[in-house]
$ cat protein-v1.cif   # mmCIF, C-alpha atoms (C1' of nucleotides)
data_start
loop_
_atom_site.label_atom_id
_atom_site.label_comp_id
_atom_site.auth_asym_id
_atom_site.auth_seq_id
_atom_site.Cartn_x
_atom_site.Cartn_y
_atom_site.Cartn_z
CA MET A 926 76.66 70.74 118.54
CA PRO A 927 75.77 73.78 120.60
CA VAL A 928 73.35 73.19 123.41
CA ASN A 929 70.84 75.77 124.42
CA PRO A 930 71.32 76.33 128.16
CA SER A 931 67.73 77.35 128.69
CA SER A 932 64.75 75.12 128.21
CA ARG A 933 63.23 77.57 125.75
CA PRO A 934 63.59 76.70 122.10
CA ARG A 935 66.72 78.32 120.67
CA ARG A 936 65.87 81.33 118.60
CA LYS A 937 67.86 82.93 115.86
CA PRO A 938 69.44 86.10 117.23
CA PRO A 939 67.77 89.30 116.05
CA ALA A 940 69.00 90.23 112.60
CA GLN A 941 70.13 93.56 114.00
CA THR A 942 72.86 92.15 116.24
CA GLY A 943 74.46 89.23 114.42
CA PRO A 944 77.13 89.29 111.74
CA ALA A 945 76.07 88.77 108.16
CA ALA A 946 76.84 85.33 106.79
CA SER A 947 80.35 85.89 105.52
CA GLU A 948 79.88 83.93 102.33
CA GLN A 949 76.85 85.79 101.05
CA VAL A 950 77.53 89.48 101.29
CA ASP A 951 75.34 91.77 99.22
CA THR A 952 77.79 93.75 97.06
CA SER A 953 75.26 94.92 94.51
CA GLY A 954 75.38 98.56 95.66
CA LEU A 955 79.11 98.69 95.10
CA GLY A 956 79.47 96.31 92.19
CA ASP A 957 77.63 98.51 89.73
CA PHE A 958 80.19 101.32 89.93
CA VAL A 959 82.65 101.45 87.05
CA GLY A 960 85.27 102.82 89.44
CA TYR A 961 84.96 99.84 91.75
CA ALA A 962 85.19 97.35 88.87
CA ILE A 963 88.27 99.13 87.53
CA ARG A 964 89.92 99.08 90.93
CA ARG A 965 89.29 95.37 91.46
CA ALA A 966 90.54 94.55 87.96
CA GLN A 967 93.64 96.68 88.45
CA LEU A 968 94.49 95.02 91.77
CA ALA A 969 94.01 91.53 90.32
CA VAL A 970 96.03 92.23 87.17
CA PHE A 971 98.90 93.92 89.02
CA GLN A 972 99.05 91.16 91.62
CA GLU A 973 99.17 88.51 88.92
CA PHE A 974 101.73 90.45 86.91
CA LYS A 975 103.94 90.75 89.99
CA THR A 976 103.88 86.98 90.49
CA TRP A 977 104.46 86.41 86.77
CA MET A 978 107.53 88.67 86.72
CA ALA A 979 108.82 87.72 90.19
CA GLU A 980 112.05 86.13 88.94
CA PHE A 981 113.23 89.49 87.57
CA GLU A 982 112.54 91.51 90.74
CA VAL A 983 111.20 94.49 88.83
CA THR A 984 108.06 96.39 89.83
CA THR A 985 105.55 97.70 87.31
CA ALA A 986 106.87 101.24 87.87
CA GLN A 987 110.46 100.16 87.27
CA PHE A 988 109.45 98.18 84.17
CA SER A 989 107.62 101.24 82.82
CA VAL A 990 110.71 103.40 83.30
CA LEU A 991 112.96 100.87 81.54
CA LEU A 992 110.58 100.72 78.57
CA LEU A 993 110.37 104.51 78.28
CA VAL A 994 114.13 104.91 78.55
CA ARG A 995 114.67 102.34 75.80
CA ASP A 996 112.19 104.06 73.49
CA ASN A 997 113.33 107.58 74.43
CA PRO A 998 117.05 107.35 75.20
CA GLY A 999 118.42 110.33 77.06
CA LEU A 1000 115.15 111.66 78.40
CA ASN A 1001 115.31 113.33 81.81
CA GLN A 1002 113.63 112.48 85.10
CA LYS A 1003 111.09 115.25 84.96
CA THR A 1004 109.82 114.01 81.60
CA LEU A 1005 109.80 110.44 82.88
CA ALA A 1006 107.83 111.46 85.95
CA GLY A 1007 105.37 113.54 83.96
CA THR A 1008 104.79 110.78 81.43
CA LEU A 1009 104.10 108.16 84.09
CA GLY A 1010 102.13 110.44 86.40
CA VAL A 1011 104.41 110.16 89.44
CA GLU A 1012 106.07 112.99 91.34
CA THR A 1013 109.70 113.81 90.62
CA PRO A 1014 110.90 112.90 94.15
CA ARG A 1015 109.48 109.44 93.59
CA MET A 1016 111.19 109.17 90.20
CA VAL A 1017 114.53 110.00 91.82
CA LEU A 1018 114.21 106.91 93.99
CA ILE A 1019 113.11 104.66 91.12
CA VAL A 1020 116.06 105.76 88.97
CA ASP A 1021 118.36 105.43 92.02
CA TYR A 1022 117.29 101.80 92.31
CA LEU A 1023 117.72 101.05 88.61
CA GLU A 1024 121.11 102.78 88.57
CA ASN A 1025 122.27 100.83 91.65
CA ARG A 1026 121.33 97.63 89.84
CA GLY A 1027 123.38 98.78 86.89
CA LEU A 1028 120.43 98.83 84.50
CA VAL A 1029 120.52 102.55 83.63
CA THR A 1030 123.05 105.38 83.78
CA ARG A 1031 122.55 109.08 84.47
CA LEU A 1032 124.73 111.21 82.20
CA ALA A 1033 125.13 114.96 82.35
CA SER A 1034 122.98 116.43 79.61
CA THR A 1035 124.95 118.39 77.04
CA VAL A 1036 121.89 120.57 76.48
CA ASP A 1037 120.90 121.53 80.04
CA ARG A 1038 123.44 120.98 82.77
CA ARG A 1039 120.72 120.84 85.42
CA ALA A 1040 119.22 117.77 83.77
CA ARG A 1041 120.33 114.15 83.93
CA ALA A 1042 119.97 112.21 80.68
CA ILE A 1043 118.97 108.60 81.38
CA PHE A 1044 120.14 105.67 79.25
CA LEU A 1045 119.94 101.91 79.41
CA THR A 1046 123.21 100.09 80.07
CA ALA A 1047 124.12 96.89 78.23
CA PRO A 1048 122.79 94.79 81.18
CA GLY A 1049 119.67 96.95 81.16
CA ARG A 1050 119.08 96.23 77.48
CA LYS A 1051 119.66 92.53 78.07
CA LEU A 1052 117.22 92.41 80.99
CA LEU A 1053 114.64 94.38 79.05
CA ARG A 1054 114.72 91.82 76.23
CA GLN A 1055 113.81 89.17 78.80
CA LEU A 1056 111.13 91.38 80.32
CA ASP A 1057 109.71 91.97 76.84
CA ARG A 1058 109.30 88.26 76.17
CA ARG A 1059 107.84 87.48 79.58
CA SER A 1060 105.44 90.44 79.62
CA ALA A 1061 104.24 89.65 76.09
CA GLU A 1062 103.31 86.16 77.32
CA TYR A 1063 101.40 87.74 80.17
CA GLU A 1064 99.58 90.06 77.81
CA ARG A 1065 98.40 87.03 75.84
CA ARG A 1066 97.07 85.52 79.08
CA ILE A 1067 95.16 88.72 79.76
CA VAL A 1068 93.62 88.74 76.30
CA GLU A 1069 92.53 85.12 76.79
CA ARG A 1070 90.70 86.19 79.95
CA LEU A 1071 88.57 88.53 77.81
CA ARG A 1072 87.18 85.55 75.85
CA GLY A 1073 84.56 86.75 73.48
CA ASP A 1074 85.45 90.41 73.93
CA ASP A 1075 87.89 92.55 72.05
CA LYS A 1076 91.03 93.99 73.62
CA GLU A 1077 90.85 97.07 71.41
CA THR A 1078 87.35 97.84 72.66
CA LEU A 1079 88.61 97.64 76.25
CA MET A 1080 91.65 99.79 75.49
CA ARG A 1081 89.50 102.44 73.80
CA MET A 1082 87.14 102.63 76.77
CA LEU A 1083 89.97 102.76 79.31
CA ARG A 1084 91.74 105.51 77.35
CA HIS A 1085 88.54 107.52 77.26
CA LEU A 1086 88.27 107.21 81.02
CA ALA A 1087 91.92 108.16 81.51
CA GLU A 1088 91.62 111.34 79.47
CA PRO A 1089 91.82 114.51 81.54
CA VAL A 1090 88.44 116.12 82.08
CA MET B 1005 118.53 134.22 72.94
CA PRO B 1006 121.49 131.95 73.69
CA VAL B 1007 124.79 132.99 72.24
CA ASN B 1008 127.30 130.42 71.12
CA PRO B 1009 130.55 131.33 72.89
CA SER B 1010 132.68 129.80 70.16
CA SER B 1011 132.89 131.09 66.62
CA ARG B 1012 131.88 127.71 65.22
CA PRO B 1013 128.26 127.38 64.13
CA ARG B 1014 126.15 125.94 66.95
CA ARG B 1015 125.40 122.29 66.35
CA LYS B 1016 122.61 120.22 67.71
CA PRO B 1017 123.96 118.02 70.51
CA PRO B 1018 124.33 114.33 69.65
CA ALA B 1019 121.03 112.52 70.08
CA GLN B 1020 122.65 110.25 72.62
CA THR B 1021 123.29 112.91 75.22
CA GLY B 1022 120.33 115.27 75.15
CA PRO B 1023 116.96 114.88 76.80
CA ALA B 1024 114.04 113.77 74.69
CA ALA B 1025 111.68 116.57 73.77
CA SER B 1026 109.34 116.47 76.73
CA GLU B 1027 106.20 116.93 74.70
CA GLN B 1028 106.73 114.05 72.31
CA VAL B 1029 107.62 111.00 74.35
CA ASP B 1030 107.21 107.62 72.63
CA THR B 1031 104.86 105.67 74.93
CA SER B 1032 103.87 103.04 72.39
CA GLY B 1033 105.79 100.25 74.15
CA LEU B 1034 103.88 100.86 77.35
CA GLY B 1035 100.57 102.02 75.96
CA ASP B 1036 99.65 98.68 74.44
CA PHE B 1037 99.54 96.88 77.79
CA VAL B 1038 96.07 96.33 79.22
CA GLY B 1039 97.55 96.61 82.72
CA TYR B 1040 98.95 100.07 82.01
CA ALA B 1041 95.67 101.30 80.49
CA ILE B 1042 93.74 99.98 83.50
CA ARG B 1043 96.12 101.68 85.90
CA ARG B 1044 95.89 105.05 84.15
CA ALA B 1045 92.09 104.83 83.97
CA GLN B 1046 91.88 103.89 87.65
CA LEU B 1047 94.07 106.80 88.73
CA ALA B 1048 92.09 109.27 86.62
CA VAL B 1049 88.69 108.01 87.77
CA PHE B 1050 89.66 107.90 91.46
CA GLN B 1051 91.22 111.35 91.32
CA GLU B 1052 88.11 112.78 89.69
CA PHE B 1053 85.83 110.95 92.11
CA LYS B 1054 87.79 112.37 95.04
CA THR B 1055 87.32 115.91 93.75
CA TRP B 1056 83.66 115.22 93.00
CA MET B 1057 83.00 113.95 96.54
CA ALA B 1058 85.32 116.39 98.32
CA GLU B 1059 82.59 118.19 100.23
CA PHE B 1060 81.73 114.98 102.14
CA GLU B 1061 85.33 114.14 103.14
CA VAL B 1062 84.88 110.45 102.50
CA THR B 1063 87.46 108.31 100.68
CA THR B 1064 86.52 105.57 98.23
CA ALA B 1065 87.38 102.94 100.86
CA GLN B 1066 85.19 104.62 103.49
CA PHE B 1067 82.35 105.00 100.99
CA SER B 1068 82.62 101.29 100.11
CA VAL B 1069 82.39 100.33 103.78
CA LEU B 1070 79.34 102.54 104.34
CA LEU B 1071 77.57 100.97 101.34
CA LEU B 1072 78.35 97.43 102.47
CA VAL B 1073 77.24 98.14 106.03
CA ARG B 1074 73.97 99.57 104.79
CA ASP B 1075 73.29 96.56 102.59
CA ASN B 1076 74.57 94.04 105.16
CA PRO B 1077 73.74 95.47 108.58
CA GLY B 1078 75.62 93.83 111.41
CA LEU B 1079 78.40 92.29 109.37
CA ASN B 1080 81.78 92.06 111.07
CA GLN B 1081 85.13 93.62 110.20
CA LYS B 1082 86.69 90.42 108.92
CA THR B 1083 83.89 89.98 106.40
CA LEU B 1084 84.13 93.64 105.42
CA ALA B 1085 87.88 93.34 104.92
CA GLY B 1086 87.58 90.12 102.93
CA THR B 1087 84.86 91.53 100.69
CA LEU B 1088 86.84 94.66 99.88
CA GLY B 1089 90.21 92.96 99.63
CA VAL B 1090 91.95 94.89 102.39
CA GLU B 1091 93.71 93.49 105.45
CA THR B 1092 91.88 93.43 108.77
CA PRO B 1093 94.31 95.85 110.49
CA ARG B 1094 93.50 98.38 107.80
CA MET B 1095 89.76 97.81 108.27
CA VAL B 1096 90.12 98.53 111.99
CA LEU B 1097 91.41 102.01 111.16
CA ILE B 1098 88.72 102.67 108.55
CA VAL B 1099 85.95 101.67 110.97
CA ASP B 1100 87.69 103.67 113.74
CA TYR B 1101 87.45 106.75 111.54
CA LEU B 1102 83.81 106.17 110.61
CA GLU B 1103 82.92 105.48 114.24
CA ASN B 1104 84.71 108.64 115.41
CA ARG B 1105 82.67 110.61 112.89
CA GLY B 1106 79.55 109.02 114.32
CA LEU B 1107 78.58 107.35 111.04
CA VAL B 1108 78.70 103.73 112.25
CA THR B 1109 78.57 101.90 115.57
CA ARG B 1110 80.29 98.73 116.70
CA LEU B 1111 77.99 96.56 118.76
CA ALA B 1112 78.94 93.36 120.54
CA SER B 1113 77.70 90.48 118.43
CA THR B 1114 75.15 88.32 120.19
CA VAL B 1115 76.38 85.34 118.17
CA ASP B 1116 80.17 85.53 118.65
CA ARG B 1117 81.51 87.71 121.44
CA ARG B 1118 84.85 88.07 119.67
CA ALA B 1119 83.16 89.82 116.76
CA ARG B 1120 81.94 93.39 116.42
CA ALA B 1121 78.74 93.87 114.49
CA ILE B 1122 78.83 97.09 112.46
CA PHE B 1123 75.75 99.24 111.83
CA LEU B 1124 75.01 102.62 110.32
CA THR B 1125 73.88 105.32 112.73
CA ALA B 1126 71.12 107.76 111.84
CA PRO B 1127 73.70 110.37 110.74
CA GLY B 1128 75.44 107.62 108.75
CA ARG B 1129 72.21 106.79 106.93
CA LYS B 1130 71.60 110.46 106.25
CA LEU B 1131 75.09 111.01 104.86
CA LEU B 1132 74.84 107.87 102.75
CA ARG B 1133 71.69 109.17 101.10
CA GLN B 1134 73.65 112.25 100.04
CA LEU B 1135 76.59 110.12 98.90
CA ASP B 1136 74.19 107.98 96.88
CA ARG B 1137 72.83 110.95 94.97
CA ARG B 1138 76.21 112.53 94.36
CA SER B 1139 77.92 109.26 93.33
CA ALA B 1140 75.06 108.40 90.98
CA GLU B 1141 75.63 111.73 89.23
CA TYR B 1142 79.29 110.86 88.92
CA GLU B 1143 78.49 107.47 87.48
CA ARG B 1144 76.44 109.16 84.78
CA ARG B 1145 79.44 111.34 83.95
CA ILE B 1146 81.59 108.24 83.63
CA VAL B 1147 79.11 106.59 81.28
CA GLU B 1148 79.06 109.73 79.15
CA ARG B 1149 82.83 109.45 78.80
CA LEU B 1150 82.34 106.04 77.17
CA ARG B 1151 80.40 107.65 74.31
CA GLY B 1152 79.60 105.04 71.74
CA ASP B 1153 80.56 102.14 73.98
CA ASP B 1154 78.49 100.15 76.40
CA LYS B 1155 79.04 100.22 80.16
CA GLU B 1156 77.91 96.62 80.50
CA THR B 1157 80.56 95.49 78.03
CA LEU B 1158 83.22 97.29 80.08
CA MET B 1159 81.92 95.85 83.35
CA ARG B 1160 81.90 92.32 81.93
CA MET B 1161 85.51 92.64 80.74
CA LEU B 1162 86.70 94.15 84.01
CA ARG B 1163 84.98 91.43 86.03
CA HIS B 1164 86.62 88.78 83.89
CA LEU B 1165 90.00 90.37 84.60
CA ALA B 1166 89.26 90.62 88.33
CA GLU B 1167 88.37 86.95 88.64
CA PRO B 1168 90.93 84.91 90.55
CA VAL B 1169 93.14 82.81 88.29
"C1'" DT C 769 112.96 134.68 88.36
"C1'" DA C 770 112.01 129.88 86.95
"C1'" DT C 771 113.39 124.99 86.48
"C1'" DT C 772 115.84 120.15 87.36
"C1'" DG C 773 117.26 117.25 90.49
"C1'" DT C 774 117.51 116.21 95.14
"C1'" DT C 775 116.61 115.72 100.19
"C1'" DA C 776 113.42 115.72 103.85
"C1'" DT C 777 109.02 115.07 105.87
"C1'" DA C 778 104.28 113.60 106.59
"C1'" DC C 779 100.52 110.89 105.47
"C1'" DT C 780 98.24 106.84 103.31
"C1'" DC C 781 98.19 102.10 102.15
"C1'" DT C 782 100.04 97.29 102.27
"C1'" DA C 783 101.69 93.46 104.71
"C1'" DT C 784 103.09 90.86 108.84
"C1'" DA C 785 103.68 89.56 113.46
"C1'" DA C 786 101.95 89.25 117.85
"C1'" DC C 787 98.75 89.88 121.54
"C1'" DT C 788 93.66 89.50 123.83
"C1'" DA C 789 89.52 87.52 124.32
"C1'" DT C 790 86.99 84.48 122.91
"C1'" DA C 791 85.50 80.02 120.15
"C1'" DT D 988 93.99 74.89 118.66
"C1'" DA D 989 91.86 78.38 115.85
"C1'" DT D 990 89.60 82.89 115.05
"C1'" DA D 991 88.08 88.25 115.41
"C1'" DG D 992 89.76 92.24 116.67
"C1'" DT D 993 93.50 95.02 117.83
"C1'" DT D 994 98.19 97.05 118.21
"C1'" DA D 995 102.67 97.73 116.43
"C1'" DT D 996 105.92 98.04 112.84
"C1'" DA D 997 108.15 98.13 108.31
"C1'" DG D 998 107.85 99.06 103.51
"C1'" DA D 999 105.70 101.22 99.43
"C1'" DG D 1000 103.48 105.14 97.35
"C1'" DT D 1001 101.69 110.06 97.42
"C1'" DA D 1002 102.27 114.82 98.18
"C1'" DT D 1003 104.74 119.06 99.60
"C1'" DA D 1004 108.28 122.06 100.87
"C1'" DA D 1005 112.76 123.58 100.38
"C1'" DC D 1006 117.39 123.85 98.72
"C1'" DA D 1007 121.55 123.83 95.17
"C1'" DA D 1008 122.89 124.29 90.65
"C1'" DT D 1009 121.67 126.06 86.53
"C1'" DA D 1010 118.67 128.30 83.03
#
$ encode --input "protein-v1.cif" --output "structure tokens"
Amino acid sequence: MPVNPSSRPRRKPPAQTGPAASEQVDTSGLGDFVGYAIRRAQLAVFQEFKTWMAEFEVTTAQFSVLLLVRDNPGLNQKTLAGTLGVETPRMVLIVDYLENRGLVTRLASTVDRRARAIFLTAPGRKLLRQLDRRSAEYERRIVERLRGDDKETLMRMLRHLAEPV
Amino acid sequence: MPVNPSSRPRRKPPAQTGPAASEQVDTSGLGDFVGYAIRRAQLAVFQEFKTWMAEFEVTTAQFSVLLLVRDNPGLNQKTLAGTLGVETPRMVLIVDYLENRGLVTRLASTVDRRARAIFLTAPGRKLLRQLDRRSAEYERRIVERLRGDDKETLMRMLRHLAEPV
DNA sequence: TATTGTTATACTCTATAACTATA
DNA sequence: TATAGTTATAGAGTATAACAATA
């Protein structure tokens, strides 16, 4: 127990100079912004997804590239980058990593010799089948978290917000 | 017009070795994930918010700190960091920036001399009033983008997703 | 002259470790 | 012994500029 060194009764410090009680912070000003709620949800979902997929050592960006390459075999890095909204120098590094792991190959395009056509390798296809199963389980977890609300409603609203203005 | 150097009729390259047509990429595998839709919405909203607030030269993180400091005068950096989900070393730099701009002050806490109690300055309060008006306009734009759907439904779903598991 | 892929660079953000001054 | 703030550092991610090969 703290002892007051003076004989005067201990007073609460002036509100102006003490820290706020850390367990009861007023976040109402912030919490009503859609942008803030989206950001917090995105951080939570990505963090949980990372843990959920940890055994495969694949980031969300890498997973996205693998999916797009499977569904669009032979597409080039510029298209990949544009579709995912990352810069091409970043995409070079992502594809470098996937190629070093033997999951994709870069072939010379027969159409445009500047371009590199990206394909899944056999190990890439095998890994992606595992990623598909595991990520589908995660998606079911997410939908459970929406209890009472409809995933399609959420997706529609998010797509509206993501549309270019 | 390209000229085929051989006399044979030009054939389309085999599907396996050409790039996908860049304007018709199949994103259905990715587009059905809630996590992907959240990420795209977050990037779009933050990018637009940044443009919208450009004249004030304040990032979303700095704006969040200013709001929390206004609503919780005297709170310390650890509480700020914990509330916003950033690490304390990052919060040091954010508060450094705001202090250098003269928007907040760090006072010695009268309760715990290790802690720094953060307050808005008069210029900080003045700027925040402008930020309030401008960000409220932006929030109305966001709600308009949801046409037909309810902001409160979206907020409820996002908060469910942001809850710790 | 424009474009794809690439390298290089700078800046931001995330994540730790370690140090200081206090508790 | 533990905690708040700080410094330092390493790793992602973002954003540009510039260059080679090719269109």
$ resolve_selection --input "protein-v1.cif" --expression "the PyMOL selection byres ((chain D and resi 992) around 10)" --output "ChimeraX atom specification"
/B:1080-1082,1092-1093,1096,1118-1120 /C:788-789 /D:990-991,993-994
$ resolve_selection --input "protein-v1.cif" --expression "the PyMOL selection byres ((chain D) within 10 of (chain A))" --output "list in words"
DG1000, DT1001, DA1002, DA1008, DT1009 and DA1010 of chain D
$ residues_around --input "protein-v1.cif" --residues "segment 784-786 of chain C" --least-positions-apart "4" --cutoff "10 Å" --atoms "only C-alpha atoms (C1' of nucleotides)" --output "ChimeraX atom specification"
/D:994-997
$ atom_distance --input "protein-v1.cif" --atom1 "atom CA of Val950 of chain A" --atom2 "atom CA of Phe1123 of chain B"
14.5 Å
$ interface_residues --input "protein-v1.cif" --of "chain C" --to "chain B" --cutoff "9 Å" --atoms "only C-alpha atoms (C1' of nucleotides)" --output "list in words"
DC781, DT782, DA783, DA789, DT790 and DA791 of chain C
$ write_last_selection --input "protein-v1.cif" --atoms "C-alpha atoms (C1' of nucleotides)" --output "JSON list (two decimals), keeping the file's coordinate frame"
[["chain", "number", "residue", "atom", "x", "y", "z"],
["C", 781, "DC", "C1'", 98.19, 102.10, 102.15],
["C", 782, "DT", "C1'", 100.04, 97.29, 102.27],
["C", 783, "DA", "C1'", 101.69, 93.46, 104.71],
["C", 789, "DA", "C1'", 89.52, 87.52, 124.32],
["C", 790, "DT", "C1'", 86.99, 84.48, 122.91],
["C", 791, "DA", "C1'", 85.50, 80.02, 120.15]]
$ atom_distance --input "protein-v1.cif" --atom1 "atom CA of Leu993 of chain A" --atom2 "atom CA of Leu1165 of chain B"
25.6 Å
$ build_atoms --input "protein-v1.cif" --residues "segment 1029-1043 of chain A" --atoms "N, CA, C and O atoms" --output "tab-separated table (two decimals), keeping the file's coordinate frame"
chain	number	residue	atom	x	y	z
A	1029	VAL	N	120.52	101.27	84.33
A	1029	VAL	CA	120.52	102.55	83.63
A	1029	VAL	C	121.69	103.39	84.13
A	1029	VAL	O	122.27	103.10	85.19
A	1030	THR	N	122.05	104.41	83.34
A	1030	THR	CA	123.05	105.38	83.78
A	1030	THR	C	122.46	106.78	83.69
A	1030	THR	O	121.58	107.03	82.86
A	1031	ARG	N	122.93	107.67	84.54
A	1031	ARG	CA	122.55	109.08	84.47
A	1031	ARG	C	123.76	109.83	83.92
A	1031	ARG	O	124.79	109.89	84.59
A	1032	LEU	N	123.64	110.41	82.75
A	1032	LEU	CA	124.73	111.21	82.20
A	1032	LEU	C	124.35	112.67	82.28
A	1032	LEU	O	123.17	113.03	82.26
A	1033	ALA	N	125.39	113.53	82.38
A	1033	ALA	CA	125.13	114.96	82.35
A	1033	ALA	C	124.62	115.31	80.96
A	1033	ALA	O	125.24	114.94	79.96
A	1034	SER	N	123.50	116.00	80.90
A	1034	SER	CA	122.98	116.43	79.61
A	1034	SER	C	123.91	117.48	79.01
A	1034	SER	O	124.43	118.34	79.72
A	1035	THR	N	124.12	117.37	77.72
A	1035	THR	CA	124.95	118.39	77.04
A	1035	THR	C	124.11	119.62	76.70
A	1035	THR	O	124.64	120.64	76.28
A	1036	VAL	N	122.80	119.50	76.86
A	1036	VAL	CA	121.89	120.57	76.48
A	1036	VAL	C	121.54	121.45	77.68
A	1036	VAL	O	121.48	122.67	77.57
A	1037	ASP	N	121.32	120.82	78.83
A	1037	ASP	CA	120.90	121.53	80.04
A	1037	ASP	C	121.63	120.89	81.20
A	1037	ASP	O	121.33	119.76	81.59
A	1038	ARG	N	122.58	121.61	81.77
A	1038	ARG	CA	123.44	120.98	82.77
A	1038	ARG	C	122.72	120.70	84.09
A	1038	ARG	O	123.27	120.05	84.97
A	1039	ARG	N	121.48	121.22	84.23
A	1039	ARG	CA	120.72	120.84	85.42
A	1039	ARG	C	120.18	119.42	85.28
A	1039	ARG	O	119.93	118.72	86.26
A	1040	ALA	N	119.94	119.02	84.03
A	1040	ALA	CA	119.22	117.77	83.77
A	1040	ALA	C	120.16	116.58	83.72
A	1040	ALA	O	121.36	116.72	83.45
A	1041	ARG	N	119.60	115.40	84.03
A	1041	ARG	CA	120.33	114.15	83.93
A	1041	ARG	C	119.69	113.34	82.82
A	1041	ARG	O	118.50	113.02	82.89
A	1042	ALA	N	120.50	113.01	81.80
A	1042	ALA	CA	119.97	112.21	80.68
A	1042	ALA	C	120.10	110.74	81.04
A	1042	ALA	O	121.18	110.26	81.41
A	1043	ILE	N	118.99	110.01	80.95
A	1043	ILE	CA	118.97	108.60	81.38
A	1043	ILE	C	119.10	107.68	80.17
A	1043	ILE	O	118.43	107.89	79.16
